[in-house]
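Undergrad: I am sharing entry-v1.tsv, which consists of TSV, N, CA and C atoms:
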```tsv
chain	number	residue	atom	x	y	z
A	215	MET	N	357.96	161.41	193.74
A	215	MET	CA	358.84	162.45	194.19
A	215	MET	C	360.04	161.80	194.86
A	216	PRO	N	361.18	161.70	194.18
A	216	PRO	CA	362.35	161.09	194.80
A	216	PRO	C	362.96	161.98	195.86
A	217	ALA	N	363.26	161.40	196.99
A	217	ALA	CA	363.91	162.16	198.06
A	217	ALA	C	364.95	161.26	198.71
A	218	THR	N	366.09	161.81	198.97
A	218	THR	CA	367.17	161.08	199.63
A	218	THR	C	367.42	161.73	200.98
A	219	SER	N	367.46	160.92	202.01
A	219	SER	CA	367.65	161.46	203.35
A	219	SER	C	369.11	161.32	203.77
A	220	THR	N	369.70	162.41	204.24
A	220	THR	CA	371.05	162.39	204.80
A	220	THR	C	371.01	163.20	206.08
A	221	ASP	N	371.29	162.54	207.17
A	221	ASP	CA	371.29	163.20	208.47
A	221	ASP	C	370.00	164.00	208.65
A	222	ARG	N	370.08	165.33	208.64
A	222	ARG	CA	368.87	166.14	208.76
A	222	ARG	C	368.49	166.77	207.43
A	223	ARG	N	369.24	166.49	206.38
A	223	ARG	CA	368.97	167.10	205.09
A	223	ARG	C	368.21	166.14	204.20
A	224	GLN	N	367.35	166.69	203.36
A	224	GLN	CA	366.64	165.87	202.39
A	224	GLN	C	366.74	166.53	201.03
A	225	ARG	N	366.93	165.70	200.02
A	225	ARG	CA	366.98	166.19	198.64
A	225	ARG	C	365.62	165.94	198.01
A	226	ILE	N	365.14	166.91	197.25
A	226	ILE	CA	363.84	166.79	196.61
A	226	ILE	C	363.95	167.31	195.19
A	227	GLU	N	363.19	166.73	194.29
A	227	GLU	CA	363.20	167.18	192.90
A	227	GLU	C	361.84	167.75	192.55
A	228	VAL	N	361.83	168.98	192.01
A	228	VAL	CA	360.60	169.65	191.62
A	228	VAL	C	360.79	170.14	190.19
A	229	ALA	N	359.92	169.69	189.30
A	229	ALA	CA	359.96	170.10	187.89
A	229	ALA	C	361.35	169.88	187.30
A	230	GLY	N	361.97	168.76	187.63
A	230	GLY	CA	363.27	168.43	187.08
A	230	GLY	C	364.45	169.16	187.69
A	231	ARG	N	364.21	169.97	188.71
A	231	ARG	CA	365.28	170.72	189.39
A	231	ARG	C	365.46	170.17	190.79
A	232	SER	N	366.69	170.13	191.25
A	232	SER	CA	366.99	169.59	192.58
A	232	SER	C	367.04	170.68	193.63
A	233	PHE	N	366.53	170.35	194.80
A	233	PHE	CA	366.55	171.25	195.95
A	233	PHE	C	366.97	170.44	197.16
A	234	LEU	N	367.58	171.12	198.12
A	234	LEU	CA	367.97	170.51	199.38
A	234	LEU	C	367.27	171.27	200.49
A	235	PHE	N	366.67	170.56	201.40
A	235	PHE	CA	366.07	171.26	202.54
A	235	PHE	C	366.46	170.58	203.83
A	236	GLN	N	366.54	171.40	204.87
A	236	GLN	CA	366.83	170.88	206.20
A	236	GLN	C	366.18	171.77	207.24
A	237	HIS	N	365.94	171.17	208.39
A	237	HIS	CA	365.32	171.89	209.48
A	237	HIS	C	366.38	172.54	210.35
A	238	GLY	N	366.03	173.66	210.93
A	238	GLY	CA	366.95	174.34	211.82
A	238	GLY	C	366.21	175.28	212.75
A	239	TYR	N	366.96	176.06	213.49
A	239	TYR	CA	366.38	177.02	214.42
A	239	TYR	C	367.01	178.38	214.17
A	240	ARG	N	366.20	179.33	213.82
A	240	ARG	CA	366.64	180.70	213.59
A	240	ARG	C	365.47	181.56	214.02
A	241	PHE	N	365.50	182.03	215.24
A	241	PHE	CA	364.34	182.74	215.82
A	241	PHE	C	363.11	181.83	215.79
A	242	GLY	N	363.30	180.58	216.18
A	242	GLY	CA	362.22	179.59	216.15
A	242	GLY	C	362.52	178.55	215.10
A	243	LYS	N	361.55	177.66	214.86
A	243	LYS	CA	361.74	176.60	213.88
A	243	LYS	C	361.67	177.16	212.47
A	244	VAL	N	362.61	176.74	211.64
A	244	VAL	CA	362.60	177.14	210.23
A	244	VAL	C	363.02	175.96	209.37
A	245	THR	N	362.73	176.07	208.08
A	245	THR	CA	363.23	175.12	207.09
A	245	THR	C	364.04	175.91	206.08
A	246	TYR	N	365.25	175.46	205.81
A	246	TYR	CA	366.11	176.10	204.82
A	246	TYR	C	365.93	175.34	203.50
A	247	ILE	N	365.64	176.05	202.43
A	247	ILE	CA	365.47	175.42	201.12
A	247	ILE	C	366.53	176.01	200.19
A	248	THR	N	367.38	175.14	199.62
A	248	THR	CA	368.49	175.59	198.79
A	248	THR	C	368.40	174.94	197.42
A	249	ARG	N	368.58	175.73	196.38
A	249	ARG	CA	368.57	175.22	195.01
A	249	ARG	C	369.90	174.55	194.72
A	250	LEU	N	369.86	173.39	194.10
A	250	LEU	CA	371.08	172.67	193.70
A	250	LEU	C	371.20	172.69	192.18
A	251	PRO	N	372.36	172.69	191.58
A	251	PRO	CA	373.65	172.78	192.25
A	251	PRO	C	373.87	174.18	192.81
A	252	LEU	N	374.84	174.32	193.64
A	252	LEU	CA	375.06	175.57	194.34
A	252	LEU	C	375.84	176.57	193.49
A	253	GLY	N	375.42	176.78	192.26
A	253	GLY	CA	376.08	177.72	191.36
A	253	GLY	C	375.92	179.15	191.82
A	254	LYS	N	374.78	179.47	192.41
A	254	LYS	CA	374.56	180.79	192.98
A	254	LYS	C	373.72	180.63	194.23
A	255	SER	N	373.78	181.62	195.10
A	255	SER	CA	373.08	181.52	196.38
A	255	SER	C	371.57	181.64	196.16
A	256	MET	N	370.86	180.55	196.41
A	256	MET	CA	369.41	180.56	196.28
A	256	MET	C	368.82	179.80	197.45
A	257	THR	N	368.95	180.37	198.63
A	257	THR	CA	368.41	179.75	199.83
A	257	THR	C	367.31	180.63	200.39
A	258	VAL	N	366.20	180.01	200.76
A	258	VAL	CA	365.12	180.75	201.40
A	258	VAL	C	364.85	180.08	202.75
A	259	PHE	N	364.32	180.85	203.67
A	259	PHE	CA	363.98	180.37	204.99
A	259	PHE	C	362.46	180.44	205.13
A	260	THR	N	361.84	179.36	205.57
A	260	THR	CA	360.40	179.37	205.79
A	260	THR	C	360.14	179.06	207.26
A	261	PRO	N	359.13	179.67	207.84
A	261	PRO	CA	358.84	179.42	209.25
A	261	PRO	C	358.32	178.01	209.47
A	262	GLY	N	358.71	177.42	210.58
A	262	GLY	CA	358.26	176.08	210.92
A	262	GLY	C	359.08	175.01	210.25
A	263	HIS	N	358.83	173.77	210.60
A	263	HIS	CA	359.49	172.63	209.99
A	263	HIS	C	358.55	172.02	208.97
A	264	LEU	N	358.94	172.07	207.70
A	264	LEU	CA	358.09	171.61	206.61
A	264	LEU	C	358.44	170.19	206.18
A	265	SER	N	357.43	169.47	205.70
A	265	SER	CA	357.65	168.14	205.13
A	265	SER	C	358.08	168.31	203.68
A	266	GLY	N	358.45	167.20	203.05
A	266	GLY	CA	358.84	167.25	201.65
A	266	GLY	C	357.75	167.80	200.75
A	267	GLU	N	356.50	167.41	201.00
A	267	GLU	CA	355.37	167.89	200.21
A	267	GLU	C	355.16	169.39	200.41
A	268	GLU	N	355.35	169.84	201.64
A	268	GLU	CA	355.19	171.27	201.91
A	268	GLU	C	356.31	172.09	201.26
A	269	VAL	N	357.53	171.53	201.26
A	269	VAL	CA	358.64	172.22	200.59
A	269	VAL	C	358.33	172.34	199.11
A	270	GLU	N	357.82	171.28	198.51
A	270	GLU	CA	357.47	171.32	197.09
A	270	GLU	C	356.41	172.38	196.82
A	271	ALA	N	355.42	172.49	197.69
A	271	ALA	CA	354.37	173.50	197.53
A	271	ALA	C	354.96	174.91	197.63
A	272	VAL	N	355.89	175.12	198.56
A	272	VAL	CA	356.53	176.42	198.70
A	272	VAL	C	357.30	176.78	197.44
A	273	VAL	N	358.09	175.81	196.94
A	273	VAL	CA	358.91	176.06	195.76
A	273	VAL	C	358.04	176.35	194.55
A	274	ARG	N	356.97	175.57	194.36
A	274	ARG	CA	356.10	175.74	193.20
A	274	ARG	C	355.25	177.01	193.29
A	275	GLY	N	354.77	177.32	194.48
A	275	GLY	CA	353.82	178.41	194.60
A	275	GLY	C	354.39	179.74	195.05
A	276	ASP	N	355.12	179.72	196.16
A	276	ASP	CA	355.57	180.98	196.75
A	276	ASP	C	356.88	181.50	196.17
A	277	PHE	N	357.71	180.60	195.65
A	277	PHE	CA	359.03	181.01	195.16
A	277	PHE	C	359.29	180.46	193.77
A	278	PRO	N	358.45	180.78	192.78
A	278	PRO	CA	358.65	180.22	191.44
A	278	PRO	C	359.97	180.63	190.81
A	279	TRP	N	360.55	181.74	191.27
A	279	TRP	CA	361.83	182.20	190.72
A	279	TRP	C	362.94	181.17	190.97
A	280	MET	N	362.77	180.33	191.98
A	280	MET	CA	363.79	179.33	192.26
A	280	MET	C	363.86	178.26	191.18
A	281	LEU	N	362.80	178.14	190.36
A	281	LEU	CA	362.77	177.14	189.31
A	281	LEU	C	363.40	177.67	188.02
A	282	GLU	N	363.67	178.97	187.95
A	282	GLU	CA	364.25	179.55	186.74
A	282	GLU	C	365.71	179.13	186.60
A	283	THR	N	366.18	179.16	185.37
A	283	THR	CA	367.57	178.76	185.14
A	283	THR	C	368.53	179.88	185.45
```
Just give me the structure as structure tokens.

TA:
Amino acid sequence: MPATSTDRRQRIEVAGRSFLFQHGYRFGKVTYITRLPLGKSMTVFTPGHLSGEEVEAVVRGDFPWMLET
């Protein structure tokens, strides 16, 4: 699973698609997951601060629509 770290953002690849995630605070700890490229708005917020593996699990399981073209 290739991941590139930049500041607080990390890039992750799931099923050949790129995603960017970063930690933040929005009514508590959250992780923002954004589909790349940014052709359309596809950002989801998950509670807590997730690791790369947890982000991949969220994308594959809870939000399969993010993998669609």

Undergrad: List every residue of region 216-275 of chain A that DSSP, applied to the backbone, labels as strand (DSSP E or B), and write the result as a ChimeraX atom specification.

TA: /A:217-220,223-228,231-239,243-250,257-261

Undergrad: So what do you get for atom C of Pro261 (chain A) versus atom C of Gly230 (chain A), distance-wise?

TA: 24.3 Å

Undergrad: With only C-alpha atoms as the atoms that count, which of A:Pro251, A:Thr257, A:Gly262, A:Arg225 lies nearest to Gly238 (chain A)?

TA: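 Looking only at the distances to Gly238 (chain A), the closest residue turns out to be A:Gly262.
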
Undergrad: Near Gln236 (chain A), within 8 Å and counting all atoms listed in the file, which residues show up once chain neighbours fewer than 2 positions away are dropped, as a list of chain:residue names?

TA: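 The neighbour list is A:Asp221, A:Arg222, A:Arg223, A:Gln224, A:Arg225, A:Phe233, A:Leu234, A:Gly238, A:Tyr239, A:Val244, A:Thr245, A:Tyr246, A:Ile247, A:Thr248, A:His263, A:Leu264.
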
Undergrad: Those same residues - N, CA and C atoms - I'd like them written as a compact mmCIF listing (two decimals), in the frame of the given file.

TA:
```txt
# COMPACT_ATOMS: atom_id res chain seq x y z
N ASP A 221 371.29 162.54 207.17
CA ASP A 221 371.29 163.20 208.47
C ASP A 221 370.00 164.00 208.65
N ARG A 222 370.08 165.33 208.64
CA ARG A 222 368.87 166.14 208.76
C ARG A 222 368.49 166.77 207.43
N ARG A 223 369.24 166.49 206.38
CA ARG A 223 368.97 167.10 205.09
C ARG A 223 368.21 166.14 204.20
N GLN A 224 367.35 166.69 203.36
CA GLN A 224 366.64 165.87 202.39
C GLN A 224 366.74 166.53 201.03
N ARG A 225 366.93 165.70 200.02
CA ARG A 225 366.98 166.19 198.64
C ARG A 225 365.62 165.94 198.01
N PHE A 233 366.53 170.35 194.80
CA PHE A 233 366.55 171.25 195.95
C PHE A 233 366.97 170.44 197.16
N LEU A 234 367.58 171.12 198.12
CA LEU A 234 367.97 170.51 199.38
C LEU A 234 367.27 171.27 200.49
N GLY A 238 366.03 173.66 210.93
CA GLY A 238 366.95 174.34 211.82
C GLY A 238 366.21 175.28 212.75
N TYR A 239 366.96 176.06 213.49
CA TYR A 239 366.38 177.02 214.42
C TYR A 239 367.01 178.38 214.17
N VAL A 244 362.61 176.74 211.64
CA VAL A 244 362.60 177.14 210.23
C VAL A 244 363.02 175.96 209.37
N THR A 245 362.73 176.07 208.08
CA THR A 245 363.23 175.12 207.09
C THR A 245 364.04 175.91 206.08
N TYR A 246 365.25 175.46 205.81
CA TYR A 246 366.11 176.10 204.82
C TYR A 246 365.93 175.34 203.50
N ILE A 247 365.64 176.05 202.43
CA ILE A 247 365.47 175.42 201.12
C ILE A 247 366.53 176.01 200.19
N THR A 248 367.38 175.14 199.62
CA THR A 248 368.49 175.59 198.79
C THR A 248 368.40 174.94 197.42
N HIS A 263 358.83 173.77 210.60
CA HIS A 263 359.49 172.63 209.99
C HIS A 263 358.55 172.02 208.97
N LEU A 264 358.94 172.07 207.70
CA LEU A 264 358.09 171.61 206.61
C LEU A 264 358.44 170.19 206.18
```

Undergrad: As a VMD selection string, list the residues of chain A assigned to helix (DSSP H, G or I) by DSSP on the backbone atoms of this structure.

TA: chain A and resid 266 to 276 278 to 281
